[in-house]
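Note: the block below is run_34.csv and it holds CSV, C-alpha atoms.
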chain,number,residue,atom,x,y,z
A,594,MET,CA,10.2,4.4,15.8
A,595,LYS,CA,12.2,2.9,12.9
A,596,LYS,CA,10.8,3.8,9.5
A,597,VAL,CA,9.5,1.0,7.3
A,598,LYS,CA,9.0,1.7,3.7
A,599,LYS,CA,5.8,0.8,1.8
A,600,GLY,CA,6.0,-2.7,0.4
A,601,ASN,CA,8.1,-4.0,3.2
A,602,TRP,CA,7.0,-6.4,5.9
A,603,GLY,CA,6.0,-4.4,9.1
A,604,TYR,CA,4.7,-1.4,7.1
A,605,ILE,CA,1.1,-1.7,8.4
A,606,LYS,CA,2.2,-1.8,12.0
A,607,TYR,CA,4.6,1.1,11.5
A,608,GLN,CA,1.9,3.1,9.6
A,609,LYS,CA,-0.7,2.6,12.3
A,610,LYS,CA,1.7,4.1,14.9
A,611,ARG,CA,2.8,6.9,12.7
A,612,THR,CA,-0.7,7.9,11.6
A,613,PHE,CA,-2.0,7.7,15.2
A,614,LEU,CA,0.8,10.1,16.4
A,615,ILE,CA,0.2,12.5,13.4
A,616,THR,CA,-3.5,12.5,14.1
A,617,PHE,CA,-3.1,13.1,17.8
A,618,VAL,CA,-0.7,16.0,17.3
A,619,MET,CA,-3.0,17.5,14.6
A,620,PHE,CA,-6.0,17.5,17.0
A,621,LEU,CA,-3.8,18.7,19.9
A,622,ILE,CA,-2.7,21.8,18.0
A,623,PRO,CA,-6.2,23.3,17.4
A,624,LEU,CA,-7.3,22.3,20.9
A,625,THR,CA,-4.3,24.1,22.4
A,626,ILE,CA,-5.1,27.2,20.3
A,627,TYR,CA,-8.8,27.1,21.4
A,628,VAL,CA,-7.9,26.8,25.1
A,629,THR,CA,-5.3,29.5,24.8
A,630,GLY,CA,-7.8,31.9,23.2
A,631,TYR,CA,-10.5,31.1,25.8
A,632,ILE,CA,-8.1,31.7,28.7
A,633,GLN,CA,-7.0,35.0,27.3
A,634,THR,CA,-10.4,36.4,26.2
A,635,LYS,CA,-12.8,34.5,28.6
A,636,THR,CA,-15.1,33.8,25.7
A,637,ARG,CA,-15.3,31.4,22.8
A,638,LEU,CA,-16.2,34.2,20.3
A,639,ASN,CA,-12.6,35.1,19.3
A,640,LEU,CA,-10.2,34.7,16.4
A,641,PHE,CA,-8.5,31.8,18.2
A,642,THR,CA,-11.7,29.7,18.0
A,643,PHE,CA,-11.9,30.4,14.2
A,644,VAL,CA,-8.3,29.3,13.7
A,645,ALA,CA,-8.9,26.2,15.8
A,646,ILE,CA,-11.9,25.2,13.7
A,647,LEU,CA,-9.9,25.6,10.5
A,648,GLY,CA,-7.1,23.5,12.1
A,649,CYS,CA,-9.6,20.6,12.6
A,650,LEU,CA,-10.0,20.2,8.9
A,651,PRO,CA,-6.6,18.6,8.2
A,652,ALA,CA,-6.9,16.7,11.5
A,653,CYS,CA,-10.1,15.1,10.3
A,654,LYS,CA,-8.5,14.2,7.1
A,655,SER,CA,-5.7,12.5,9.0
A,656,LEU,CA,-8.4,10.7,11.1
A,657,VAL,CA,-9.9,9.2,8.0
A,658,SER,CA,-6.5,7.8,7.1
A,659,LEU,CA,-6.1,6.5,10.6
A,660,ILE,CA,-9.4,4.7,10.4
A,661,MET,CA,-8.5,3.1,7.1
A,662,ILE,CA,-5.1,1.9,8.2
A,663,MET,CA,-6.5,0.6,11.5
A,664,MET,CA,-8.8,-1.7,9.5
A,665,GLN,CA,-5.9,-3.5,7.9
A,666,LYS,CA,-4.3,-6.6,9.4
A,667,PRO,CA,-0.5,-7.0,9.2
A,668,LEU,CA,1.0,-10.1,7.7
A,669,SER,CA,2.1,-12.6,10.3
A,670,ALA,CA,5.8,-13.5,10.7
A,671,GLU,CA,5.1,-17.1,9.7
A,672,ASN,CA,3.3,-16.2,6.5
A,673,TYR,CA,5.9,-13.6,5.7
A,674,GLU,CA,8.7,-16.1,5.9
A,675,ALA,CA,6.7,-18.6,3.8
A,676,ALA,CA,5.9,-15.9,1.2
A,677,ARG,CA,9.5,-14.7,1.1
A,678,LYS,CA,10.8,-18.2,0.5
A,679,ALA,CA,8.3,-18.7,-2.3
A,680,ASN,CA,9.1,-15.3,-3.9
A,681,GLY,CA,12.8,-16.1,-3.9
A,682,ASP,CA,14.9,-13.3,-5.6
A,683,LEU,CA,12.0,-12.0,-7.6
A,684,VAL,CA,10.8,-8.4,-7.3
A,685,ALA,CA,8.2,-8.7,-4.5
A,686,GLY,CA,6.1,-6.6,-2.1
A,687,TYR,CA,4.4,-7.2,1.2
A,688,GLU,CA,1.5,-5.7,3.2
A,689,LEU,CA,0.1,-3.6,0.4
A,690,VAL,CA,-3.5,-2.2,0.4
A,691,PHE,CA,-4.7,-1.4,-3.1
A,692,THR,CA,-7.2,1.4,-3.5
A,693,ALA,CA,-10.1,1.5,-6.0
A,694,TYR,CA,-13.2,3.6,-6.4
A,695,GLU,CA,-15.5,1.0,-4.7
A,696,HIS,CA,-13.2,-0.3,-1.9
A,697,THR,CA,-9.7,-1.1,-0.7
A,698,THR,CA,-8.2,-4.5,-0.9
A,699,PRO,CA,-5.3,-5.9,1.2
A,700,VAL,CA,-2.6,-7.7,-0.8
A,701,ASN,CA,-0.3,-9.5,1.7
A,702,THR,CA,2.3,-10.3,-0.9
A,703,LEU,CA,2.9,-10.1,-4.7
A,704,VAL,CA,5.7,-10.9,-7.2
A,705,VAL,CA,6.6,-9.4,-10.5
A,706,CYS,CA,8.5,-11.3,-13.2
A,707,GLY,CA,8.5,-10.4,-16.9
A,708,ASP,CA,4.8,-9.8,-17.7
A,709,GLN,CA,3.6,-11.8,-14.7
A,710,VAL,CA,2.1,-10.1,-11.7
A,711,VAL,CA,0.8,-12.5,-9.1
A,712,CYS,CA,-0.9,-11.3,-5.9
A,713,TYR,CA,-2.3,-12.9,-2.8
A,714,THR,CA,-5.1,-11.4,-0.8
A,715,PRO,CA,-6.5,-12.8,2.5
A,716,ASP,CA,-9.8,-11.0,2.0
A,717,GLU,CA,-12.4,-13.7,1.1
A,718,LYS,CA,-14.8,-10.9,-0.1
A,719,THR,CA,-12.4,-9.8,-2.8
A,720,ASP,CA,-13.6,-10.0,-6.4
A,721,GLU,CA,-10.5,-11.4,-8.0
A,722,ALA,CA,-11.6,-10.5,-11.6
A,723,TYR,CA,-12.4,-6.9,-10.6
A,724,LEU,CA,-9.1,-6.4,-8.9
A,725,GLU,CA,-7.2,-8.0,-11.8
A,726,LYS,CA,-8.9,-5.7,-14.2
A,727,HIS,CA,-8.3,-2.7,-12.0
A,728,ILE,CA,-4.5,-3.4,-11.7
A,729,SER,CA,-4.2,-4.3,-15.4
A,730,LYS,CA,-5.9,-1.0,-16.3
A,731,ILE,CA,-3.4,1.0,-14.1
A,732,LEU,CA,-0.4,-0.9,-15.6
A,733,THR,CA,-1.7,-0.3,-19.2
A,734,VAL,CA,-2.1,3.4,-18.6
A,735,ASN,CA,1.5,3.5,-17.3
A,736,GLY,CA,2.9,1.7,-20.3
A,737,TYR,CA,2.7,-2.0,-19.5
A,738,PRO,CA,-0.3,-3.3,-21.6
A,739,SER,CA,1.1,-6.8,-21.8
A,740,ALA,CA,1.1,-7.4,-18.1
A,741,GLN,CA,-0.8,-10.5,-17.0
A,742,VAL,CA,-2.3,-10.0,-13.5
A,743,ARG,CA,-3.4,-12.9,-11.3
A,744,VAL,CA,-5.1,-12.4,-7.9
A,745,MET,CA,-5.3,-15.4,-5.6
A,746,LYS,CA,-7.1,-16.0,-2.3
A,747,ASP,CA,-5.5,-19.4,-1.6
A,748,PHE,CA,-2.1,-18.8,0.0
A,749,ARG,CA,-0.8,-22.3,-0.8
A,750,LYS,CA,-1.7,-21.8,-4.5
A,751,TYR,CA,0.1,-18.5,-4.4
A,752,GLN,CA,3.2,-20.1,-3.0
A,753,GLN,CA,3.2,-22.7,-5.7
A,754,ARG,CA,2.7,-20.2,-8.4
A,755,ALA,CA,5.4,-17.8,-7.1
A,756,ALA,CA,7.9,-20.7,-6.6
A,757,ASP,CA,7.2,-21.9,-10.2
A,758,ILE,CA,7.8,-18.5,-11.7
A,759,CYS,CA,10.9,-18.1,-9.6
A,760,SER,CA,12.4,-21.4,-10.8
A,761,ARG,CA,11.6,-20.5,-14.5
A,762,GLN,CA,12.1,-16.7,-14.3
A,763,GLU,CA,14.3,-16.5,-17.4
A,764,HIS,CA,11.5,-18.2,-19.4
A,765,TYR,CA,9.0,-15.5,-18.4
A,766,ARG,CA,11.4,-12.7,-19.4
A,767,GLU,CA,12.1,-14.0,-22.9
A,768,GLY,CA,11.3,-11.7,-25.7
A,769,ILE,CA,10.4,-8.7,-23.6
A,770,GLU,CA,11.9,-5.5,-24.8
A,771,PHE,CA,12.7,-2.7,-22.3
A,772,THR,CA,13.7,0.9,-22.6
A,773,PRO,CA,14.8,2.4,-19.2
A,774,ASP,CA,12.7,5.2,-17.8
A,775,GLU,CA,14.6,8.5,-17.8
A,776,ARG,CA,13.0,9.4,-14.5
A,777,TYR,CA,14.2,6.2,-12.9
A,778,PRO,CA,17.3,5.1,-14.9
A,779,ASP,CA,18.4,2.6,-12.3
A,780,LEU,CA,15.2,0.6,-12.1
A,781,SER,CA,14.5,-2.5,-14.2
A,782,ARG,CA,11.2,-3.1,-16.0
A,783,GLU,CA,9.9,-5.3,-13.2
A,784,GLU,CA,10.9,-2.7,-10.6
A,785,LEU,CA,9.1,0.0,-12.5
A,786,ILE,CA,6.0,-2.2,-12.6
A,787,TYR,CA,6.3,-2.7,-8.9
A,788,HIS,CA,6.9,1.1,-8.4
A,789,THR,CA,3.6,1.7,-10.3
A,790,LEU,CA,1.8,-0.7,-8.0
A,791,LEU,CA,3.2,1.0,-4.9
A,792,ALA,CA,1.6,4.2,-6.2
A,793,ILE,CA,-1.9,2.8,-6.0
A,794,SER,CA,-1.4,1.4,-2.5
A,795,LEU,CA,-2.1,3.1,0.8

Please lay out the structure from this file as structure tokens.
Amino acid sequence: MKKVKKGNWGYIKYQKKRTFLITFVMFLIPLTIYVTGYIQTKTRLNLFTFVAILGCLPACKSLVSLIMIMMQKPLSAENYEAARKANGDLVAGYELVFTAYEHTTPVNTLVVCGDQVVCYTPDEKTDEAYLEKHISKILTVNGYPSAQVRVMKDFRKYQQRAADICSRQEHYREGIEFTPDERYPDLSREELIYHTLLAISL
């Protein structure tokens, strides 16, 4: 199974397989311990059972992660190509799932240019204003208070906006000062903003 990094197309499909395998193994281990103990002692009242019960705790945590990722829908190849074309050479991400206290929100694609952060979500129930405020707050805390976040639920409007920013990207970068981060000296300001967004995604 070829690894797909977070933010790349195909990540959700890869993560579903990976999380399923991890969860399966994590439940298999305590089950094996329990069966081994029962065969050896002919009773459930043994140390093996206690260890098996403790082993179920991380397995259950992994199961929660599996349920959450299984609820997400991957970006179709057609929409990915359309988004990639609109995003051009801008810093862009795909198949992200932003986490917040109240709920999680799928963001199929986003671009970062200067102080502009534009996201597209296919979830009709998404409160755009709430998600924009949430992302802006995260970016402000991490040193990007001037970032302007826009969340869209119309894919065509997103394409138009991304394409417009891509065609005038130098305009959106004018007057923005940037001091490289000592922890990530090779990353540009836009890549650092994107790196911050990846951190709040599943």

Using all atoms listed in the file, can you tell me which of A:Leu790, A:Ala676, A:Pro715, A:Gly686 comes closest to Ile728 of chain A?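 Using all atoms listed in the file, Ile728 of chain A sits closest to A:Leu790.
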
For a test of reading the model, state the distance in Å between atom CA of Val704 of chain A and atom CA of Val684 of chain A, rounded to one decimal.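 Here the two named atoms are 5.7 Å from each other.
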
If we count all atoms listed in the file and set the cut-off at 10 Å, which residues sit around Ala792 of chain A, ignoring sequence neighbours fewer than 4 positions away in its own chain? Please answer as an mmCIF file with C-alpha atoms, in the frame of the given file.
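selection19.cif written:
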data_model
loop_
_atom_site.group_PDB
_atom_site.id
_atom_site.type_symbol
_atom_site.label_atom_id
_atom_site.label_comp_id
_atom_site.auth_asym_id
_atom_site.auth_seq_id
_atom_site.Cartn_x
_atom_site.Cartn_y
_atom_site.Cartn_z
ATOM 1 C CA LYS A 599 5.800 0.800 1.800
ATOM 2 C CA PHE A 691 -4.700 -1.400 -3.100
ATOM 3 C CA THR A 692 -7.200 1.400 -3.500
ATOM 4 C CA ILE A 731 -3.400 1.000 -14.100
ATOM 5 C CA TYR A 787 6.300 -2.700 -8.900
ATOM 6 C CA HIS A 788 6.900 1.100 -8.400
#

Can you tell me, as a tab-separated table (two decimals) with C-alpha atoms, in the coordinates of the input, which residues sit within 12 Å of (5.9, -11.9, 10.3) in the file's frame, using all atoms listed in the file?
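After the write, selection_28.tsv holds the following:
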chain	number	residue	atom	x	y	z
A	601	ASN	CA	8.10	-4.00	3.20
A	602	TRP	CA	7.00	-6.40	5.90
A	603	GLY	CA	6.00	-4.40	9.10
A	604	TYR	CA	4.70	-1.40	7.10
A	605	ILE	CA	1.10	-1.70	8.40
A	606	LYS	CA	2.20	-1.80	12.00
A	666	LYS	CA	-4.30	-6.60	9.40
A	667	PRO	CA	-0.50	-7.00	9.20
A	668	LEU	CA	1.00	-10.10	7.70
A	669	SER	CA	2.10	-12.60	10.30
A	670	ALA	CA	5.80	-13.50	10.70
A	671	GLU	CA	5.10	-17.10	9.70
A	672	ASN	CA	3.30	-16.20	6.50
A	673	TYR	CA	5.90	-13.60	5.70
A	674	GLU	CA	8.70	-16.10	5.90
A	675	ALA	CA	6.70	-18.60	3.80
A	676	ALA	CA	5.90	-15.90	1.20
A	677	ARG	CA	9.50	-14.70	1.10
A	687	TYR	CA	4.40	-7.20	1.20
A	688	GLU	CA	1.50	-5.70	3.20
A	701	ASN	CA	-0.30	-9.50	1.70
A	702	THR	CA	2.30	-10.30	-0.90

My list of candidates is A:Val690, A:Cys653, A:Val744, A:Ile793. Which is closest to Glu721 of chain A when distances are computed with all atoms listed in the file? A:Val744

Which residue out of A:Phe620, A:Gly707, A:Met661, A:Leu656 has the minimum interatomic distance to Glu784 of chain A when all atoms listed in the file are used?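 Among the listed residues, the smallest separation from Glu784 of chain A belongs to A:Gly707.
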
Considering only C-alpha atoms, return as number ranges by chain whatever protein or nucleic-acid residues lie within 10 Å of segment 765-779 of chain A, sequence-local ones (same chain, fewer than 2 positions apart) excluded. A: 706-709, 739, 758-759, 761-763, 781-785, 788

Preceding selection exported with C-alpha atoms as a tab-separated table (two decimals), in the coordinates of the input:
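That gives us out19.tsv:
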chain	number	residue	atom	x	y	z
A	706	CYS	CA	8.50	-11.30	-13.20
A	707	GLY	CA	8.50	-10.40	-16.90
A	708	ASP	CA	4.80	-9.80	-17.70
A	709	GLN	CA	3.60	-11.80	-14.70
A	739	SER	CA	1.10	-6.80	-21.80
A	758	ILE	CA	7.80	-18.50	-11.70
A	759	CYS	CA	10.90	-18.10	-9.60
A	761	ARG	CA	11.60	-20.50	-14.50
A	762	GLN	CA	12.10	-16.70	-14.30
A	763	GLU	CA	14.30	-16.50	-17.40
A	781	SER	CA	14.50	-2.50	-14.20
A	782	ARG	CA	11.20	-3.10	-16.00
A	783	GLU	CA	9.90	-5.30	-13.20
A	784	GLU	CA	10.90	-2.70	-10.60
A	785	LEU	CA	9.10	0.00	-12.50
A	788	HIS	CA	6.90	1.10	-8.40

Subset file: segment 754-770 of chain A, all heavy atoms, as a PDB file, in the first residue's frame:
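Here's the written file out.pdb:
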ATOM      1  N   ARG A 754     -12.537  31.731  -8.334  1.00  0.00           N
ATOM      2  CA  ARG A 754     -11.751  32.502  -7.365  1.00  0.00           C
ATOM      3  C   ARG A 754     -10.297  32.046  -7.361  1.00  0.00           C
ATOM      4  O   ARG A 754      -9.377  32.878  -7.358  1.00  0.00           O
ATOM      5  CB  ARG A 754     -12.360  32.338  -5.969  1.00  0.00           C
ATOM      6  CG  ARG A 754     -11.647  33.093  -4.858  1.00  0.00           C
ATOM      7  CD  ARG A 754     -11.624  34.576  -5.121  1.00  0.00           C
ATOM      8  NE  ARG A 754     -11.001  35.300  -4.033  1.00  0.00           N
ATOM      9  CZ  ARG A 754     -10.461  36.509  -4.153  1.00  0.00           C
ATOM     10  NH1 ARG A 754     -10.479  37.138  -5.327  1.00  0.00           N
ATOM     11  NH2 ARG A 754      -9.911  37.105  -3.127  1.00  0.00           N
ATOM     12  N   ALA A 755     -10.076  30.735  -7.351  1.00  0.00           N
ATOM     13  CA  ALA A 755      -8.716  30.199  -7.346  1.00  0.00           C
ATOM     14  C   ALA A 755      -7.969  30.592  -8.617  1.00  0.00           C
ATOM     15  O   ALA A 755      -6.801  30.984  -8.573  1.00  0.00           O
ATOM     16  CB  ALA A 755      -8.752  28.681  -7.203  1.00  0.00           C
ATOM     17  N   ALA A 756      -8.648  30.500  -9.753  1.00  0.00           N
ATOM     18  CA  ALA A 756      -8.027  30.855 -11.028  1.00  0.00           C
ATOM     19  C   ALA A 756      -7.682  32.338 -11.074  1.00  0.00           C
ATOM     20  O   ALA A 756      -6.629  32.728 -11.605  1.00  0.00           O
ATOM     21  CB  ALA A 756      -8.958  30.488 -12.179  1.00  0.00           C
ATOM     22  N   ASP A 757      -8.557  33.174 -10.514  1.00  0.00           N
ATOM     23  CA  ASP A 757      -8.307  34.621 -10.482  1.00  0.00           C
ATOM     24  C   ASP A 757      -7.084  34.946  -9.624  1.00  0.00           C
ATOM     25  O   ASP A 757      -6.227  35.735 -10.022  1.00  0.00           O
ATOM     26  CB  ASP A 757      -9.535  35.346  -9.932  1.00  0.00           C
ATOM     27  CG  ASP A 757      -9.292  36.828  -9.765  1.00  0.00           C
ATOM     28  OD1 ASP A 757      -9.110  37.529 -10.781  1.00  0.00           O
ATOM     29  OD2 ASP A 757      -9.247  37.305  -8.600  1.00  0.00           O
ATOM     30  N   ILE A 758      -7.005  34.315  -8.450  1.00  0.00           N
ATOM     31  CA  ILE A 758      -5.864  34.540  -7.561  1.00  0.00           C
ATOM     32  C   ILE A 758      -4.586  34.051  -8.230  1.00  0.00           C
ATOM     33  O   ILE A 758      -3.543  34.710  -8.155  1.00  0.00           O
ATOM     34  CB  ILE A 758      -6.075  33.816  -6.212  1.00  0.00           C
ATOM     35  CG1 ILE A 758      -7.218  34.479  -5.441  1.00  0.00           C
ATOM     36  CG2 ILE A 758      -4.794  33.840  -5.372  1.00  0.00           C
ATOM     37  CD1 ILE A 758      -7.588  33.771  -4.151  1.00  0.00           C
ATOM     38  N   CYS A 759      -4.666  32.901  -8.901  1.00  0.00           N
ATOM     39  CA  CYS A 759      -3.496  32.338  -9.568  1.00  0.00           C
ATOM     40  C   CYS A 759      -2.980  33.273 -10.660  1.00  0.00           C
ATOM     41  O   CYS A 759      -1.767  33.446 -10.820  1.00  0.00           O
ATOM     42  CB  CYS A 759      -3.844  30.976 -10.164  1.00  0.00           C
ATOM     43  SG  CYS A 759      -2.422  30.094 -10.848  1.00  0.00           S
ATOM     44  N   SER A 760      -3.890  33.894 -11.392  1.00  0.00           N
ATOM     45  CA  SER A 760      -3.491  34.774 -12.487  1.00  0.00           C
ATOM     46  C   SER A 760      -2.934  36.105 -11.986  1.00  0.00           C
ATOM     47  O   SER A 760      -2.209  36.793 -12.710  1.00  0.00           O
ATOM     48  CB  SER A 760      -4.684  35.036 -13.416  1.00  0.00           C
ATOM     49  OG  SER A 760      -5.707  35.751 -12.739  1.00  0.00           O
ATOM     50  N   ARG A 761      -3.279  36.472 -10.742  1.00  0.00           N
ATOM     51  CA  ARG A 761      -2.799  37.748 -10.189  1.00  0.00           C
ATOM     52  C   ARG A 761      -2.054  37.535  -8.871  1.00  0.00           C
ATOM     53  O   ARG A 761      -2.113  38.366  -7.967  1.00  0.00           O
ATOM     54  CB  ARG A 761      -3.980  38.689  -9.966  1.00  0.00           C
ATOM     55  CG  ARG A 761      -4.767  39.028 -11.230  1.00  0.00           C
ATOM     56  CD  ARG A 761      -5.698  40.187 -11.006  1.00  0.00           C
ATOM     57  NE  ARG A 761      -6.698  39.894  -9.982  1.00  0.00           N
ATOM     58  CZ  ARG A 761      -7.225  40.813  -9.169  1.00  0.00           C
ATOM     59  NH1 ARG A 761      -6.802  42.057  -9.225  1.00  0.00           N
ATOM     60  NH2 ARG A 761      -8.152  40.472  -8.303  1.00  0.00           N
ATOM     61  N   GLN A 762      -1.350  36.436  -8.767  1.00  0.00           N
ATOM     62  CA  GLN A 762      -0.729  36.063  -7.499  1.00  0.00           C
ATOM     63  C   GLN A 762       0.290  37.077  -6.989  1.00  0.00           C
ATOM     64  O   GLN A 762       0.404  37.287  -5.776  1.00  0.00           O
ATOM     65  CB  GLN A 762      -0.103  34.672  -7.591  1.00  0.00           C
ATOM     66  CG  GLN A 762       0.825  34.446  -8.742  1.00  0.00           C
ATOM     67  CD  GLN A 762       1.247  32.984  -8.854  1.00  0.00           C
ATOM     68  OE1 GLN A 762       2.084  32.507  -8.094  1.00  0.00           O
ATOM     69  NE2 GLN A 762       0.661  32.269  -9.807  1.00  0.00           N
ATOM     70  N   GLU A 763       1.013  37.733  -7.883  1.00  0.00           N
ATOM     71  CA  GLU A 763       1.989  38.731  -7.437  1.00  0.00           C
ATOM     72  C   GLU A 763       1.299  39.909  -6.773  1.00  0.00           C
ATOM     73  O   GLU A 763       1.825  40.505  -5.822  1.00  0.00           O
ATOM     74  CB  GLU A 763       2.842  39.206  -8.618  1.00  0.00           C
ATOM     75  CG  GLU A 763       3.720  38.117  -9.216  1.00  0.00           C
ATOM     76  CD  GLU A 763       4.589  37.448  -8.154  1.00  0.00           C
ATOM     77  OE1 GLU A 763       5.116  38.157  -7.269  1.00  0.00           O
ATOM     78  OE2 GLU A 763       4.746  36.215  -8.202  1.00  0.00           O
ATOM     79  N   HIS A 764       0.115  40.245  -7.253  1.00  0.00           N
ATOM     80  CA  HIS A 764      -0.672  41.329  -6.653  1.00  0.00           C
ATOM     81  C   HIS A 764      -1.045  41.001  -5.206  1.00  0.00           C
ATOM     82  O   HIS A 764      -0.975  41.863  -4.324  1.00  0.00           O
ATOM     83  CB  HIS A 764      -1.946  41.551  -7.468  1.00  0.00           C
ATOM     84  CG  HIS A 764      -2.981  42.379  -6.776  1.00  0.00           C
ATOM     85  ND1 HIS A 764      -2.858  43.739  -6.588  1.00  0.00           N
ATOM     86  CD2 HIS A 764      -4.168  42.026  -6.185  1.00  0.00           C
ATOM     87  CE1 HIS A 764      -3.914  44.201  -5.930  1.00  0.00           C
ATOM     88  NE2 HIS A 764      -4.723  43.182  -5.677  1.00  0.00           N
ATOM     89  N   TYR A 765      -1.415  39.750  -4.958  1.00  0.00           N
ATOM     90  CA  TYR A 765      -1.837  39.347  -3.613  1.00  0.00           C
ATOM     91  C   TYR A 765      -0.660  39.184  -2.649  1.00  0.00           C
ATOM     92  O   TYR A 765      -0.864  39.079  -1.444  1.00  0.00           O
ATOM     93  CB  TYR A 765      -2.627  38.034  -3.686  1.00  0.00           C
ATOM     94  CG  TYR A 765      -3.992  38.207  -4.293  1.00  0.00           C
ATOM     95  CD1 TYR A 765      -4.251  37.809  -5.611  1.00  0.00           C
ATOM     96  CD2 TYR A 765      -5.028  38.785  -3.566  1.00  0.00           C
ATOM     97  CE1 TYR A 765      -5.505  37.977  -6.184  1.00  0.00           C
ATOM     98  CE2 TYR A 765      -6.290  38.958  -4.133  1.00  0.00           C
ATOM     99  CZ  TYR A 765      -6.518  38.558  -5.433  1.00  0.00           C
ATOM    100  OH  TYR A 765      -7.765  38.726  -5.991  1.00  0.00           O
ATOM    101  N   ARG A 766       0.561  39.173  -3.194  1.00  0.00           N
ATOM    102  CA  ARG A 766       1.742  39.025  -2.345  1.00  0.00           C
ATOM    103  C   ARG A 766       2.425  40.363  -2.058  1.00  0.00           C
ATOM    104  O   ARG A 766       3.366  40.410  -1.266  1.00  0.00           O
ATOM    105  CB  ARG A 766       2.741  38.079  -3.008  1.00  0.00           C
ATOM    106  CG  ARG A 766       2.252  36.642  -3.115  1.00  0.00           C
ATOM    107  CD  ARG A 766       3.310  35.740  -3.706  1.00  0.00           C
ATOM    108  NE  ARG A 766       2.866  34.361  -3.773  1.00  0.00           N
ATOM    109  CZ  ARG A 766       2.819  33.653  -4.903  1.00  0.00           C
ATOM    110  NH1 ARG A 766       3.205  34.192  -6.046  1.00  0.00           N
ATOM    111  NH2 ARG A 766       2.408  32.401  -4.880  1.00  0.00           N
ATOM    112  N   GLU A 767       1.968  41.427  -2.702  1.00  0.00           N
ATOM    113  CA  GLU A 767       2.603  42.742  -2.551  1.00  0.00           C
ATOM    114  C   GLU A 767       2.527  43.245  -1.107  1.00  0.00           C
ATOM    115  O   GLU A 767       1.487  43.170  -0.461  1.00  0.00           O
ATOM    116  CB  GLU A 767       1.934  43.768  -3.469  1.00  0.00           C
ATOM    117  CG  GLU A 767       2.270  43.592  -4.933  1.00  0.00           C
ATOM    118  CD  GLU A 767       1.603  44.650  -5.798  1.00  0.00           C
ATOM    119  OE1 GLU A 767       0.950  45.548  -5.228  1.00  0.00           O
ATOM    120  OE2 GLU A 767       1.725  44.580  -7.031  1.00  0.00           O
ATOM    121  N   GLY A 768       3.653  43.756  -0.631  1.00  0.00           N
ATOM    122  CA  GLY A 768       3.689  44.403   0.681  1.00  0.00           C
ATOM    123  C   GLY A 768       3.670  43.472   1.879  1.00  0.00           C
ATOM    124  O   GLY A 768       3.570  43.920   3.021  1.00  0.00           O
ATOM    125  N   ILE A 769       3.763  42.168   1.651  1.00  0.00           N
ATOM    126  CA  ILE A 769       3.744  41.214   2.765  1.00  0.00           C
ATOM    127  C   ILE A 769       5.176  40.886   3.183  1.00  0.00           C
ATOM    128  O   ILE A 769       5.967  40.389   2.386  1.00  0.00           O
ATOM    129  CB  ILE A 769       3.006  39.916   2.386  1.00  0.00           C
ATOM    130  CG1 ILE A 769       1.537  40.217   2.063  1.00  0.00           C
ATOM    131  CG2 ILE A 769       3.101  38.888   3.515  1.00  0.00           C
ATOM    132  CD1 ILE A 769       0.742  39.009   1.625  1.00  0.00           C
ATOM    133  N   GLU A 770       5.502  41.217   4.414  1.00  0.00           N
ATOM    134  CA  GLU A 770       6.834  40.924   4.936  1.00  0.00           C
ATOM    135  C   GLU A 770       6.860  39.519   5.521  1.00  0.00           C
ATOM    136  O   GLU A 770       5.865  39.048   6.077  1.00  0.00           O
ATOM    137  CB  GLU A 770       7.227  41.951   5.995  1.00  0.00           C
ATOM    138  CG  GLU A 770       7.325  43.373   5.463  1.00  0.00           C
ATOM    139  CD  GLU A 770       7.755  44.359   6.539  1.00  0.00           C
ATOM    140  OE1 GLU A 770       7.955  43.919   7.702  1.00  0.00           O
ATOM    141  OE2 GLU A 770       7.889  45.550   6.220  1.00  0.00           O
TER     142      GLU A 770
END
